[in-house]
Every structure is written in structure tokens, then in C-alpha cells.
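Participant: Here you go, model03.cif (mmCIF, C-alpha atoms):
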data_input
#
loop_
_atom_site.label_atom_id
_atom_site.label_comp_id
_atom_site.auth_asym_id
_atom_site.auth_seq_id
_atom_site.Cartn_x
_atom_site.Cartn_y
_atom_site.Cartn_z
CA MET Q 278 0.00 0.00 0.00
CA SER Q 279 1.42 3.41 -1.01
CA LEU Q 280 2.01 6.09 1.61
CA LYS Q 281 -0.61 8.25 -0.06
CA LEU Q 282 -3.17 5.48 0.11
CA LYS Q 283 -2.21 4.77 3.70
CA LEU Q 284 -2.76 8.40 4.61
CA ILE Q 285 -6.08 8.65 2.80
CA THR Q 286 -7.22 5.45 4.48
CA SER Q 287 -6.18 6.94 7.81
CA LEU Q 288 -8.16 10.11 7.05
CA ALA Q 289 -11.17 8.09 5.98
CA ALA Q 290 -11.11 6.13 9.21
CA ILE Q 291 -10.65 9.13 11.44
CA SER Q 292 -14.22 9.16 12.72
CA LEU Q 293 -13.67 5.70 14.14
CA ILE Q 294 -10.53 6.48 16.08
CA LEU Q 295 -11.05 9.97 17.41
CA GLY Q 296 -11.68 9.69 21.13
CA ALA Q 297 -14.40 11.25 23.21
CA CYS Q 298 -13.79 14.66 24.69
CA GLY Q 299 -12.89 13.72 28.20
CA LYS Q 300 -11.82 15.59 31.24
CA ALA Q 301 -8.10 16.07 31.51
CA GLU Q 302 -6.41 13.79 33.98
CA GLU Q 303 -3.45 15.09 35.94
CA THR Q 304 -0.84 12.39 36.26
CA GLU Q 305 1.99 14.48 37.58
CA ASN Q 306 2.37 14.81 41.33
CA LYS Q 307 2.84 18.50 41.93
CA PRO Q 308 4.26 19.80 45.19
CA LYS Q 309 1.64 21.49 47.30
CA VAL Q 310 3.95 24.21 48.56
CA GLU Q 311 6.61 25.98 46.54
CA ASN Q 312 8.67 28.97 47.45
CA THR Q 313 8.38 32.18 45.43
CA GLU Q 314 11.70 31.66 43.68
CA LYS Q 315 10.73 28.22 42.39
CA GLN Q 316 7.33 29.51 41.26
CA ALA Q 317 9.04 32.31 39.31
CA GLU Q 318 11.42 29.83 37.71
CA LYS Q 319 8.55 27.57 36.67
CA LYS Q 320 6.61 30.51 35.21
CA GLU Q 321 9.62 31.68 33.22
CA ALA Q 322 10.26 28.14 31.92
CA ALA Q 323 6.60 27.77 30.94
CA GLU Q 324 6.64 31.10 29.10
CA LYS Q 325 9.76 30.06 27.16
CA GLU Q 326 8.15 26.71 26.31
CA GLU Q 327 4.99 28.35 24.99
CA ALA Q 328 7.07 30.80 22.97
CA ASN Q 329 8.89 27.80 21.49
CA TYR Q 330 5.55 26.24 20.50
CA ALA Q 331 4.41 29.43 18.78
CA ASP Q 332 7.74 30.08 17.08
CA ALA Q 333 8.15 26.51 15.86
CA TYR Q 334 4.58 26.42 14.54
CA LYS Q 335 4.97 29.75 12.72
CA GLU Q 336 8.34 28.72 11.27
CA ALA Q 337 6.91 25.44 10.01
CA ILE Q 338 3.91 27.21 8.45
CA ALA Q 339 6.20 29.75 6.80
CA GLU Q 340 8.16 26.92 5.20
CA LEU Q 341 4.98 25.13 4.11
CA ASP Q 342 3.64 28.37 2.62
CA LYS Q 343 6.33 28.10 -0.05
CA ALA Q 344 4.16 25.39 -1.61
CA LYS Q 345 1.53 28.01 -2.46
CA GLU Q 346 4.13 29.82 -4.56
CA GLY Q 347 5.28 26.66 -6.32
CA LYS Q 348 8.60 26.68 -4.48
CA GLU Q 349 10.42 23.74 -2.95
CA VAL Q 350 9.47 22.96 0.64
CA ASP Q 351 12.11 21.70 3.06
CA PHE Q 352 10.20 18.87 4.74
CA ASN Q 353 13.31 17.80 6.64
CA LYS Q 354 13.35 21.20 8.32
CA ILE Q 355 9.63 21.04 9.12
CA THR Q 356 9.90 17.50 10.48
CA GLU Q 357 12.83 18.50 12.68
CA LEU Q 358 10.93 21.54 13.97
CA TYR Q 359 7.94 19.34 14.71
CA LYS Q 360 9.87 16.62 16.48
CA ALA Q 361 12.01 18.99 18.54
CA ASN Q 362 9.36 21.50 19.58
CA LEU Q 363 5.79 20.32 18.98
CA GLN Q 364 5.53 16.54 18.93
CA GLU Q 365 5.66 16.10 22.70
CA LEU Q 366 2.77 18.53 23.16
CA VAL Q 367 0.78 16.70 20.47
CA LYS Q 368 1.44 13.36 22.15
CA GLN Q 369 0.31 14.75 25.49
CA ARG Q 370 -3.01 15.83 24.02
CA ASP Q 371 -3.35 12.52 22.15
CA ALA Q 372 -2.96 10.67 25.45
CA GLU Q 373 -5.33 13.00 27.27
CA PHE Q 374 -8.10 13.09 24.68
CA GLN Q 375 -7.60 9.60 23.19
CA ASP Q 376 -6.65 11.13 19.86
CA THR Q 377 -4.17 10.22 17.09
CA LEU Q 378 -3.05 13.60 15.82
CA ASP Q 379 0.66 12.81 16.00
CA GLU Q 380 0.14 9.85 13.68
CA LYS Q 381 -1.73 12.00 11.16
CA ILE Q 382 0.66 14.93 11.29
CA THR Q 383 3.67 12.64 10.92
CA ALA Q 384 2.06 10.75 8.03
CA SER Q 385 1.09 13.94 6.20
CA LEU Q 386 4.60 15.39 6.50
CA ALA Q 387 6.05 12.13 5.18
CA ALA Q 388 3.58 12.18 2.26
CA GLY Q 389 4.54 15.75 1.48
CA LYS Q 390 8.21 14.87 1.50
CA ASP Q 391 7.92 11.94 -0.92
CA GLY Q 392 5.45 13.78 -3.13
CA SER Q 393 2.54 11.37 -2.66
CA MET Q 394 0.35 14.16 -1.29
CA ASP Q 395 -0.06 17.69 -2.62
CA LYS Q 396 2.16 19.98 -0.54
CA VAL Q 397 -0.56 22.61 -0.13
CA VAL Q 398 -2.91 19.92 1.20
CA VAL Q 399 -0.19 18.90 3.66
CA ARG Q 400 0.12 22.52 4.72
CA GLN Q 401 -3.58 22.73 5.56
CA ILE Q 402 -3.61 19.44 7.45
CA PHE Q 403 -0.54 20.37 9.50
CA ASP Q 404 -1.83 23.87 10.24
CA LYS Q 405 -5.36 22.96 11.28
CA LEU Q 406 -4.45 19.84 13.26
CA MET Q 407 -1.88 21.89 15.18
CA GLN Q 408 -4.62 24.44 15.84
CA LYS Q 409 -6.67 21.62 17.33
CA VAL Q 410 -3.71 20.78 19.59
CA PHE Q 411 -3.52 24.40 20.78
CA TYR Q 412 -7.29 24.50 21.29
CA THR Q 413 -7.35 21.30 23.33
CA THR Q 414 -4.37 22.55 25.32
CA ILE Q 415 -6.49 25.55 26.32
CA LYS Q 416 -9.11 23.06 27.50
CA HIS Q 417 -6.38 21.19 29.38
CA GLU Q 418 -5.29 24.37 31.17
CA PHE Q 419 -8.90 25.07 32.09
CA THR Q 420 -9.21 21.61 33.62
CA GLU Q 421 -6.09 22.26 35.67
CA ILE Q 422 -7.63 25.47 37.00
CA GLY Q 423 -10.36 23.34 38.57
CA GLU Q 424 -7.91 20.77 39.86
CA ASN Q 425 -5.71 23.43 41.46
CA TRP Q 426 -8.50 25.63 42.78
CA GLY Q 427 -7.39 27.30 45.99
CA LYS Q 428 -3.75 27.55 44.86
CA THR Q 429 -3.82 31.09 43.53
CA GLU Q 430 -0.34 31.17 42.00
CA GLU Q 431 -0.87 27.86 40.24
CA VAL Q 432 -4.31 28.81 38.96
CA ASN Q 433 -3.08 32.17 37.63
CA LYS Q 434 -0.27 30.35 35.85
CA GLU Q 435 -2.80 28.08 34.12
CA VAL Q 436 -4.79 31.11 32.94
CA ASP Q 437 -1.64 32.75 31.57
CA GLU Q 438 -0.77 29.56 29.71
CA ALA Q 439 -4.28 29.29 28.27
CA LYS Q 440 -3.98 32.88 27.02
CA GLU Q 441 -0.62 32.10 25.42
CA PHE Q 442 -2.08 29.18 23.49
CA TYR Q 443 -5.11 31.25 22.50
CA ALA Q 444 -2.78 33.91 21.12
CA ILE Q 445 -1.42 31.33 18.65
CA ILE Q 446 -4.86 30.67 17.12
CA LYS Q 447 -6.38 34.15 17.60
CA SER Q 448 -5.89 35.01 13.92
CA THR Q 449 -8.33 32.23 13.01
CA VAL Q 450 -10.98 33.90 15.18
CA GLU Q 451 -10.18 37.29 13.68
CA LYS Q 452 -10.62 35.94 10.14
CA ARG Q 453 -14.07 34.58 10.98
CA ASP Q 454 -15.06 37.87 12.64
CA ALA Q 455 -14.07 39.67 9.45
CA ALA Q 456 -15.93 37.19 7.23
CA TYR Q 457 -19.18 37.10 9.22
CA GLY Q 458 -19.28 40.43 11.09
CA THR Q 459 -19.18 38.62 14.43
CA ASN Q 460 -17.46 39.76 17.63
CA MET Q 461 -15.90 36.50 18.81
CA VAL Q 462 -12.54 38.05 19.71
CA SER Q 463 -14.34 40.40 22.10
CA ALA Q 464 -16.40 37.50 23.50
CA ILE Q 465 -13.27 35.46 24.20
CA GLU Q 466 -11.50 38.42 25.79
CA GLY Q 467 -14.59 38.94 27.95
CA GLY Q 468 -14.47 35.27 28.93
CA PHE Q 469 -10.85 35.56 30.03
CA SER Q 470 -11.71 38.69 32.04
CA GLU Q 471 -14.51 36.81 33.77
CA VAL Q 472 -12.12 33.95 34.58
CA GLU Q 473 -9.51 36.32 35.99
CA ASN Q 474 -12.05 38.27 38.05
CA GLY Q 475 -13.51 35.02 39.33
CA ILE Q 476 -10.10 33.90 40.54
CA LYS Q 477 -9.51 37.27 42.16
CA ASN Q 478 -12.88 37.09 43.94
CA ASN Q 479 -12.63 33.37 44.77
CA ASP Q 480 -15.76 32.80 42.67
CA GLN Q 481 -15.40 29.41 41.03
CA LEU Q 482 -18.80 29.61 39.31
CA ALA Q 483 -17.76 32.82 37.54
CA VAL Q 484 -14.54 31.11 36.44
CA ASN Q 485 -16.45 28.13 35.05
CA LEU Q 486 -18.89 30.37 33.19
CA GLY Q 487 -16.04 32.36 31.68
CA LYS Q 488 -14.35 29.14 30.57
CA GLN Q 489 -17.54 28.08 28.78
CA VAL Q 490 -17.75 31.36 26.89
CA ILE Q 491 -14.18 30.92 25.65
CA ASP Q 492 -14.58 27.25 24.75
CA LYS Q 493 -17.89 27.55 22.93
CA THR Q 494 -16.82 30.70 21.10
CA LEU Q 495 -13.80 28.81 19.77
CA MET Q 496 -16.14 26.00 18.72
CA LYS Q 497 -18.25 28.60 16.91
CA THR Q 498 -15.08 29.76 15.15
CA PHE Q 499 -14.38 26.27 13.85
CA TYR Q 500 -18.02 25.89 12.75
CA LEU Q 501 -17.96 29.17 10.85
CA ALA Q 502 -14.79 27.99 9.12
CA THR Q 503 -16.32 24.70 8.03
CA GLY Q 504 -20.08 24.47 7.60
CA ALA Q 505 -21.55 27.95 7.91
CA LEU Q 506 -22.99 29.75 4.90
CA PRO Q 507 -21.69 31.43 2.82
CA ASN Q 508 -18.03 31.40 3.83
CA GLY Q 509 -17.41 27.89 5.18
CA TYR Q 510 -15.06 25.51 3.42
CA ALA Q 511 -17.90 23.23 2.35
CA THR Q 512 -19.17 26.11 0.22
CA LYS Q 513 -15.69 27.11 -0.96
CA ALA Q 514 -14.66 23.59 -1.93
CA ALA Q 515 -17.92 22.87 -3.77
CA ALA Q 516 -17.69 26.10 -5.75
CA GLU Q 517 -14.01 25.63 -6.59
CA ALA Q 518 -14.62 22.03 -7.72
CA GLN Q 519 -16.39 23.42 -10.77
CA LYS Q 520 -13.23 25.33 -11.79
CA ASP Q 521 -10.09 23.80 -10.29
CA ALA Q 522 -10.11 20.27 -8.90
CA ALA Q 523 -6.69 20.63 -7.25
CA LEU Q 524 -7.60 23.82 -5.39
CA ALA Q 525 -10.96 22.31 -4.42
CA LYS Q 526 -9.10 19.40 -2.80
CA VAL Q 527 -6.98 21.86 -0.82
CA GLU Q 528 -10.09 23.64 0.46
CA GLN Q 529 -11.76 20.32 1.21
CA ALA Q 530 -8.68 19.33 3.24
CA GLU Q 531 -8.79 22.63 5.08
CA GLY Q 532 -12.44 22.09 5.95
CA TRP Q 533 -11.76 18.52 7.05
CA ALA Q 534 -8.87 19.57 9.27
CA PHE Q 535 -10.80 22.45 10.84
CA PHE Q 536 -13.72 20.07 11.48
CA GLN Q 537 -11.51 17.84 13.63
CA SER Q 538 -11.53 20.42 16.42
CA ILE Q 539 -15.29 19.97 16.91
CA TYR Q 540 -15.71 16.44 15.57
CA THR Q 541 -15.61 14.60 18.88
CA TYR Q 542 -17.99 16.90 20.75
CA LEU Q 543 -20.49 16.86 17.90
CA ASN Q 544 -20.22 13.10 17.44
CA LYS Q 545 -21.00 12.51 21.11
CA HIS Q 546 -24.39 14.22 20.79
CA ALA Q 547 -25.28 13.90 17.10
CA ALA Q 548 -23.60 10.90 15.51
CA ASP Q 549 -25.70 10.83 12.33
CA GLU Q 550 -25.06 14.48 11.54
CA THR Q 551 -21.36 14.08 12.31
CA LEU Q 552 -21.08 11.13 9.93
CA LEU Q 553 -22.70 13.13 7.14
CA ILE Q 554 -20.32 16.06 7.62
CA GLU Q 555 -17.28 13.80 7.90
CA LYS Q 556 -18.15 12.02 4.64
CA GLN Q 557 -18.54 15.33 2.83
CA PHE Q 558 -15.14 16.61 3.93
CA ASN Q 559 -13.30 13.31 3.71
CA LEU Q 560 -10.50 13.47 1.15
CA GLU Q 561 -11.81 10.33 -0.57
CA THR Q 562 -14.99 12.24 -1.48
CA ASP Q 563 -15.09 13.98 -4.85
CA ALA Q 564 -15.32 17.70 -4.03
CA LYS Q 565 -17.88 18.08 -6.85
CA THR Q 566 -20.33 16.05 -4.76
CA ILE Q 567 -20.05 18.25 -1.64
CA ASP Q 568 -23.46 19.69 -0.76
CA PRO Q 569 -22.91 22.88 1.32
CA ALA Q 570 -26.60 23.16 2.23
CA ALA Q 571 -26.69 19.58 3.52
CA VAL Q 572 -23.51 20.16 5.53
CA ASN Q 573 -24.94 23.36 6.98
CA LYS Q 574 -28.24 21.77 7.97
CA ALA Q 575 -26.40 18.85 9.56
CA PHE Q 576 -24.42 21.29 11.67
CA VAL Q 577 -27.59 23.13 12.67
CA ARG Q 578 -29.31 19.92 13.72
CA GLY Q 579 -26.16 18.74 15.49
CA PHE Q 580 -25.60 21.87 17.56
CA ALA Q 581 -29.33 22.08 18.35
CA LYS Q 582 -29.14 18.50 19.67
CA ILE Q 583 -26.13 19.44 21.80
CA ALA Q 584 -28.07 22.40 23.23
CA ILE Q 585 -30.98 20.09 24.07
CA ASP Q 586 -28.67 17.68 25.88
CA GLU Q 587 -27.14 20.55 27.85
CA TYR Q 588 -30.60 21.76 28.86
CA LYS Q 589 -31.67 18.27 29.92
CA GLU Q 590 -28.55 18.03 32.09
CA SER Q 591 -29.20 21.48 33.49
CA LYS Q 592 -32.79 20.61 34.36
CA GLU Q 593 -31.54 17.71 36.49
CA ALA Q 594 -29.04 19.97 38.27
CA ILE Q 595 -31.09 23.08 39.07
CA GLY Q 596 -29.97 24.27 42.48
CA GLU Q 597 -26.33 23.37 41.81
CA ASP Q 598 -23.57 25.26 39.98
CA LYS Q 599 -23.73 22.57 37.32
CA GLY Q 600 -27.28 23.64 36.50
CA VAL Q 601 -26.09 27.18 35.77
CA ILE Q 602 -23.04 26.07 33.79
CA THR Q 603 -24.94 23.67 31.51
CA GLY Q 604 -27.73 26.23 31.16
CA LEU Q 605 -25.20 28.73 29.84
CA GLU Q 606 -23.77 26.06 27.54
CA GLY Q 607 -27.22 25.57 26.04
CA ALA Q 608 -27.46 29.30 25.36
CA LEU Q 609 -23.96 29.38 23.87
CA PHE Q 610 -24.72 26.52 21.48
CA ILE Q 611 -27.82 28.38 20.33
CA ASP Q 612 -25.53 31.33 19.61
CA VAL Q 613 -23.16 29.11 17.58
CA ILE Q 614 -25.89 28.64 14.96
CA GLY Q 615 -27.66 31.92 15.62
CA ASP Q 616 -27.65 33.22 12.04
CA ASP Q 617 -28.87 29.84 10.78
CA ILE Q 618 -31.73 29.84 13.28
CA LYS Q 619 -32.73 33.35 12.19
CA GLY Q 620 -33.00 32.06 8.64
CA LEU Q 621 -35.22 29.20 9.76
CA ILE Q 622 -37.61 30.92 12.20
CA GLY Q 623 -37.16 34.64 11.57
CA GLU Q 624 -35.37 37.34 13.53
CA ALA Q 625 -38.24 38.08 15.93
CA GLU Q 626 -38.61 34.45 17.01
CA TYR Q 627 -34.84 34.08 17.30
CA LYS Q 628 -34.68 37.14 19.55
CA SER Q 629 -37.41 35.64 21.72
CA LEU Q 630 -35.48 32.35 21.90
CA THR Q 631 -32.25 34.03 23.02
CA GLU Q 632 -34.13 36.06 25.61
CA LYS Q 633 -35.64 32.85 26.99
CA ALA Q 634 -32.21 31.24 27.06
CA GLN Q 635 -30.74 34.17 29.01
CA LYS Q 636 -33.72 34.25 31.37
CA TYR Q 637 -33.21 30.57 32.11
CA VAL Q 638 -29.57 31.15 33.08
CA GLU Q 639 -30.75 33.73 35.59
CA THR Q 640 -33.43 31.33 36.86
CA ALA Q 641 -30.81 28.61 37.32
CA LYS Q 642 -28.62 31.05 39.24
CA ALA Q 643 -31.62 31.84 41.47
CA LYS Q 644 -32.11 28.08 41.99
CA ASP Q 645 -35.81 28.35 41.12
CA LYS Q 646 -36.53 24.72 40.23
CA ALA Q 647 -40.22 25.09 39.37
CA ALA Q 648 -39.77 28.02 37.02
CA GLY Q 649 -36.57 26.54 35.60
CA GLU Q 650 -38.15 23.24 34.61
CA THR Q 651 -40.92 25.02 32.71
CA GLN Q 652 -38.41 27.26 30.93
CA VAL Q 653 -36.21 24.31 29.94
CA ASP Q 654 -39.17 22.44 28.49
CA GLU Q 655 -40.03 25.49 26.34
CA LEU Q 656 -36.43 25.83 25.15
CA ILE Q 657 -36.22 22.15 24.24
CA ALA Q 658 -39.51 22.35 22.33
CA SER Q 659 -38.18 25.33 20.34
CA LEU Q 660 -34.94 23.51 19.57
CA ASN Q 661 -36.78 20.40 18.41
CA SER Q 662 -38.80 22.60 16.06
CA ILE Q 663 -35.54 24.04 14.69
CA ILE Q 664 -34.21 20.53 14.11
CA ASP Q 665 -37.33 19.67 12.13
CA LYS Q 666 -36.99 22.80 10.01
CA ALA Q 667 -33.31 21.98 9.30
CA LYS Q 668 -34.02 18.55 7.77
#
Please, can you express the file's structure as C-alpha cells?

Facilitator:
Amino acid sequence: MSLKLKLITSLAAISLILGACGKAEETENKPKVENTEKQAEKKEAAEKEEANYADAYKEAIAELDKAKEGKEVDFNKITELYKANLQELVKQRDAEFQDTLDEKITASLAAGKDGSMDKVVVRQIFDKLMQKVFYTTIKHEFTEIGENWGKTEEVNKEVDEAKEFYAIIKSTVEKRDAAYGTNMVSAIEGGFSEVENGIKNNDQLAVNLGKQVIDKTLMKTFYLATGALPNGYATKAAAEAQKDAALAKVEQAEGWAFFQSIYTYLNKHAADETLLIEKQFNLETDAKTIDPAAVNKAFVRGFAKIAIDEYKESKEAIGEDKGVITGLEGALFIDVIGDDIKGLIGEAEYKSLTEKAQKYVETAKAKDKAAGETQVDELIASLNSIIDKAK
């Protein structure tokens, strides 16, 4: 079997081997008490390490960008950069989230080197899979905040590290803001402010709510890049397939690689929709057969199903912090597909839906179980109606 065929087979089978999004598990025994000097040394070392990640990633992308200009790409250099600076981080996230990104990145670089895969396709796979690594590392740091709650220095360090990794992928958020007129950069910055203020005020609920805003806004970013209309890569690849098959394959690969960042979460709640999207983006699929409308509707149904599951979980936990957190998650997933919902039910009804979602968060905070249960049932009914309209 050729390396190219091996890689394509690996990409085709990805939906079977991606692991579930799980909670990060801390395996390192950290000392409970550290003097100020040691804490400063650790912080400085961490900052240097994160700078190395960003620098190595940018240097590798700069080398891969030569492919767009028809120039030779030094895959030995990229592979060395990856192995020396990035591979260990990738392996850590693979172990934590039961993923296989190192295998796919390594295989794609090898295919680029021997010419069995288009170098621009390799560039997109490397870039977007590394962005998934940085995104899941933000999630990892957030998990550590919870595990180290009460240790102010440690928790602040985790926030700083999360911000460093976000800085690496911020340009992706900025591009989507420019394309769709959204304000996701501001939302994420607001989320980080809420996290930092929560730590300062010893308010763990505020921290957890801020974390959700950041996480779900990043998920919205990846959705807008893949399946949203009119600027997602499903639309771009399908349109390009009518003119330039090679460029269409590049855009298909970019959509596939971006999709990996939200694949697992979506698959957990909406397996049928996830399978449809995965098949459309899979590199074995002829880009001419990509149906952007079908991909978009699958995303809408999928995120609506996630919101329903969050609301069901919240309903069971009214009176606890978990009820508030999952209630906010429901509202955030509605926001992910907000423009799509407007197109399905109209702006007035969408405004009413978002107002109900916000009202429920306040009800959950007030621990009003009777009112909350009624509100959840109404929200779920509305979301089920949206799912029906998106078929």
C-alpha cells in the first residue's frame, strides 16, 4: 500500500478512532507548597516553552507556505521543527483526549516529503491539526484550573498559559469575525476577564462560566470555518470544484482539518449528523459532490441536539452550579448557529429564543426549580422545532 493510500485510508477512518472529549487527567504529582523563587522559575520556563511552540509552529507554516508559490518545501526542516518542539505537546493531548493527531501529522509530512500528497494539502492538514492541539491545550489548562483551585499562584499560571495558546490561534478567530461580522474576539476576551475576576474574587462559578464562553466561542469559530454559509469551506470547496479540482481538494482538506476540532464533541451528541459532515469533507470524497446546504443543515441539527442535551442536564441539576453552567452552555450553542436559526424561524422568534435562554440562566442562578423546569421544556420544544426545520 502506497504512503498516499495509507494516509487517505487513515483520514477516511478518522471518525472511528477519534476519542471522546474527556476531562483532563493530571498524572503528575505537583508539590503542594513551593517557594516564590521556584514559582518564578517555573513561570519563566513555561513562558519560554509556549514561545517555542508558537515560534516553531509559525516557522513550520512559513516553510509550508512556499508550496503556495510553487517553491520547494524543506520537509526535513519542518519535520525536525515538529519533532524537537511540537511533537511532545501533540502526544500529550493525544494521550489526554484519546486522539491520534501525532500519527496524522507525521504521516502527512512524510507524504509531502515523498510527493505522494499535494504539498498545499499537507500545509492545511498540519496547520489545522496543530490548531486543534492548541485548542485542546487551552481546555487542558482550564481543567487544571479546577484541579488546582485554591492555589492562587498555580491557577493564575494556568490562565496565563491558556492565554498564550489562544494567542497562537487568535488570527483564526479574527478571520471569521471579518468574514461574518461577528465579535468573537471580544467575547473570548470577555471570557478571560470573567475567569480572571472570578479567581480574584474566589468565585469558582464565575470562572467556570467564563471558561464556557471561551470554549464555545472557539467551537463557533471552527463551525464558521467549516459548515456555515456562505463562507465555510464546504461552500468554498464545492464552488471551486467546478473550476479547479486541485484547489478544491486543498479547500476540502482545510475544511476537514478544521472540522476535527469539533468532531468529537459533535459526534458525542449527534452521531448521524457528524457522519454526514465527515463524509462530505473526507479526502476520498469527490469535491464536486459536496453539498454545502446539507452540511450546513447537519451542523444546525447537530448543535441544536447538543443544546438540548445541555438543557436536559441542566434541568436535572437546578440548584447546583452545574445547573447554571450547563444552562449557559445551552445558550452558547444556540448562539453558535444563531444566524442559521434566524434564517429558519425569523429574527423576531430568534430574539425571543435568546431572551428565553438568558432568562433561564438567571433562573438557574436563582435556583428556582419550578420556574426553571418550565423554561427548559419550552427551550427544548423550540430547539426540536428548529431541528425539524433543518431537515

Participant: Exactly which residues make up the result of the PyMOL selection byres ((chain Q and resi 423) around 10) on this file, given as a list in words?

Facilitator: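 For this structure, the PyMOL selection byres ((chain Q and resi 423) around 10) resolves to Glu418, Phe419, Thr420, Glu421, Ile422, Glu424, Asn425, Trp426, Gly427, Val432, Glu435, Gln481, Val484 and Asn485 of chain Q.
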
Participant: Near range 639-641 of chain Q, counting only C-alpha atoms, which residues have an atom at most 6 Å away, once you skip same-chain residues fewer than 4 positions from it, shown as a PyMOL selection string?

Facilitator: chain Q and resi 595+601+645+649

Participant: Written as a PyMOL selection string, what is the full residue list that the PyMOL selection byres ((chain Q and resi 573) around 12) yields on the file shown?

Facilitator: chain Q and resi 500-512+550-551+553-554+557+567-572+574-580+614+616-618+620+667-668

Participant: Around range 611-620 of chain Q, with edges along x, y and z and 8 Å added on all six sides, what centre and edge lengths do you get, in Å to one decimal, as AutoDock Vina command-line options?

Facilitator:
--center_x -28.1 --center_y 30.9 --center_z 14.5 --size_x 25.8 --size_y 21.0 --size_z 27.7

Participant: Decode the PyMOL selection byres ((chain Q and resi 603) around 12) for the given file into explicit residues and return them as a VMD selection string.

Facilitator: chain Q and resid 482 485 to 486 488 to 490 493 583 to 595 597 to 602 604 to 610 634 637 to 638 641 to 642 653

Participant: Excluding range 353-355 of chain Q and any residue of its chain fewer than 4 positions from it, enumerate the residues within 12 Å of it, using only C-alpha atoms, and give them as a PDB file with C-alpha atoms, in the coordinates of the input.

Facilitator:
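Output file out.pdb follows:
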ATOM      1  CA  ALA Q 333       8.150  26.510  15.860  1.00  0.00           C
ATOM      2  CA  TYR Q 334       4.580  26.420  14.540  1.00  0.00           C
ATOM      3  CA  LYS Q 335       4.970  29.750  12.720  1.00  0.00           C
ATOM      4  CA  GLU Q 336       8.340  28.720  11.270  1.00  0.00           C
ATOM      5  CA  ALA Q 337       6.910  25.440  10.010  1.00  0.00           C
ATOM      6  CA  ILE Q 338       3.910  27.210   8.450  1.00  0.00           C
ATOM      7  CA  ALA Q 339       6.200  29.750   6.800  1.00  0.00           C
ATOM      8  CA  GLU Q 340       8.160  26.920   5.200  1.00  0.00           C
ATOM      9  CA  LEU Q 341       4.980  25.130   4.110  1.00  0.00           C
ATOM     10  CA  ASP Q 342       3.640  28.370   2.620  1.00  0.00           C
ATOM     11  CA  GLU Q 349      10.420  23.740  -2.950  1.00  0.00           C
ATOM     12  CA  TYR Q 359       7.940  19.340  14.710  1.00  0.00           C
ATOM     13  CA  LYS Q 360       9.870  16.620  16.480  1.00  0.00           C
ATOM     14  CA  ALA Q 361      12.010  18.990  18.540  1.00  0.00           C
ATOM     15  CA  ASN Q 362       9.360  21.500  19.580  1.00  0.00           C
ATOM     16  CA  LEU Q 363       5.790  20.320  18.980  1.00  0.00           C
ATOM     17  CA  GLN Q 364       5.530  16.540  18.930  1.00  0.00           C
ATOM     18  CA  ILE Q 382       0.660  14.930  11.290  1.00  0.00           C
ATOM     19  CA  THR Q 383       3.670  12.640  10.920  1.00  0.00           C
ATOM     20  CA  SER Q 385       1.090  13.940   6.200  1.00  0.00           C
ATOM     21  CA  LEU Q 386       4.600  15.390   6.500  1.00  0.00           C
ATOM     22  CA  ALA Q 387       6.050  12.130   5.180  1.00  0.00           C
ATOM     23  CA  GLY Q 389       4.540  15.750   1.480  1.00  0.00           C
ATOM     24  CA  LYS Q 390       8.210  14.870   1.500  1.00  0.00           C
ATOM     25  CA  ASP Q 391       7.920  11.940  -0.920  1.00  0.00           C
ATOM     26  CA  VAL Q 399      -0.190  18.900   3.660  1.00  0.00           C
ATOM     27  CA  ARG Q 400       0.120  22.520   4.720  1.00  0.00           C
ATOM     28  CA  PHE Q 403      -0.540  20.370   9.500  1.00  0.00           C
ATOM     29  CA  ASP Q 404      -1.830  23.870  10.240  1.00  0.00           C
TER      30      ASP Q 404
END

Participant: Restricting the calculation to only C-alpha atoms, which member of Q:Gly596, Q:Glu380, Q:Thr413, Q:Ala456 is positioned closest to Ile539 in chain Q?

Facilitator: Q:Thr413

Participant: At the level of N, CA and C atoms, write range 603-614 of chain Q to a file as an mmCIF file, in the first residue's frame, please.

Facilitator:
data_model
loop_
_atom_site.group_PDB
_atom_site.id
_atom_site.type_symbol
_atom_site.label_atom_id
_atom_site.label_comp_id
_atom_site.auth_asym_id
_atom_site.auth_seq_id
_atom_site.Cartn_x
_atom_site.Cartn_y
_atom_site.Cartn_z
ATOM 1 N N THR Q 603 -24.366 24.335 32.694
ATOM 2 C CA THR Q 603 -24.942 23.665 31.515
ATOM 3 C C THR Q 603 -26.055 24.498 30.891
ATOM 4 N N GLY Q 604 -26.733 25.307 31.706
ATOM 5 C CA GLY Q 604 -27.730 26.227 31.156
ATOM 6 C C GLY Q 604 -27.080 27.262 30.261
ATOM 7 N N LEU Q 605 -25.935 27.793 30.679
ATOM 8 C CA LEU Q 605 -25.198 28.731 29.840
ATOM 9 C C LEU Q 605 -24.687 28.037 28.585
ATOM 10 N N GLU Q 606 -24.236 26.793 28.720
ATOM 11 C CA GLU Q 606 -23.773 26.057 27.539
ATOM 12 C C GLU Q 606 -24.889 25.926 26.509
ATOM 13 N N GLY Q 607 -26.095 25.648 26.965
ATOM 14 C CA GLY Q 607 -27.223 25.569 26.045
ATOM 15 C C GLY Q 607 -27.390 26.869 25.273
ATOM 16 N N ALA Q 608 -27.321 27.992 25.993
ATOM 17 C CA ALA Q 608 -27.459 29.301 25.358
ATOM 18 C C ALA Q 608 -26.324 29.565 24.371
ATOM 19 N N LEU Q 609 -25.118 29.151 24.737
ATOM 20 C CA LEU Q 609 -23.958 29.375 23.868
ATOM 21 C C LEU Q 609 -24.052 28.544 22.590
ATOM 22 N N PHE Q 610 -24.574 27.337 22.684
ATOM 23 C CA PHE Q 610 -24.715 26.518 21.480
ATOM 24 C C PHE Q 610 -25.821 27.059 20.570
ATOM 25 N N ILE Q 611 -26.827 27.686 21.152
ATOM 26 C CA ILE Q 611 -27.823 28.377 20.329
ATOM 27 C C ILE Q 611 -27.143 29.509 19.565
ATOM 28 N N ASP Q 612 -26.252 30.226 20.253
ATOM 29 C CA ASP Q 612 -25.533 31.329 19.615
ATOM 30 C C ASP Q 612 -24.634 30.837 18.479
ATOM 31 N N VAL Q 613 -24.040 29.656 18.630
ATOM 32 C CA VAL Q 613 -23.158 29.111 17.583
ATOM 33 C C VAL Q 613 -23.859 29.109 16.228
ATOM 34 N N ILE Q 614 -25.124 28.725 16.224
ATOM 35 C CA ILE Q 614 -25.888 28.637 14.964
ATOM 36 C C ILE Q 614 -26.944 29.735 14.883
#
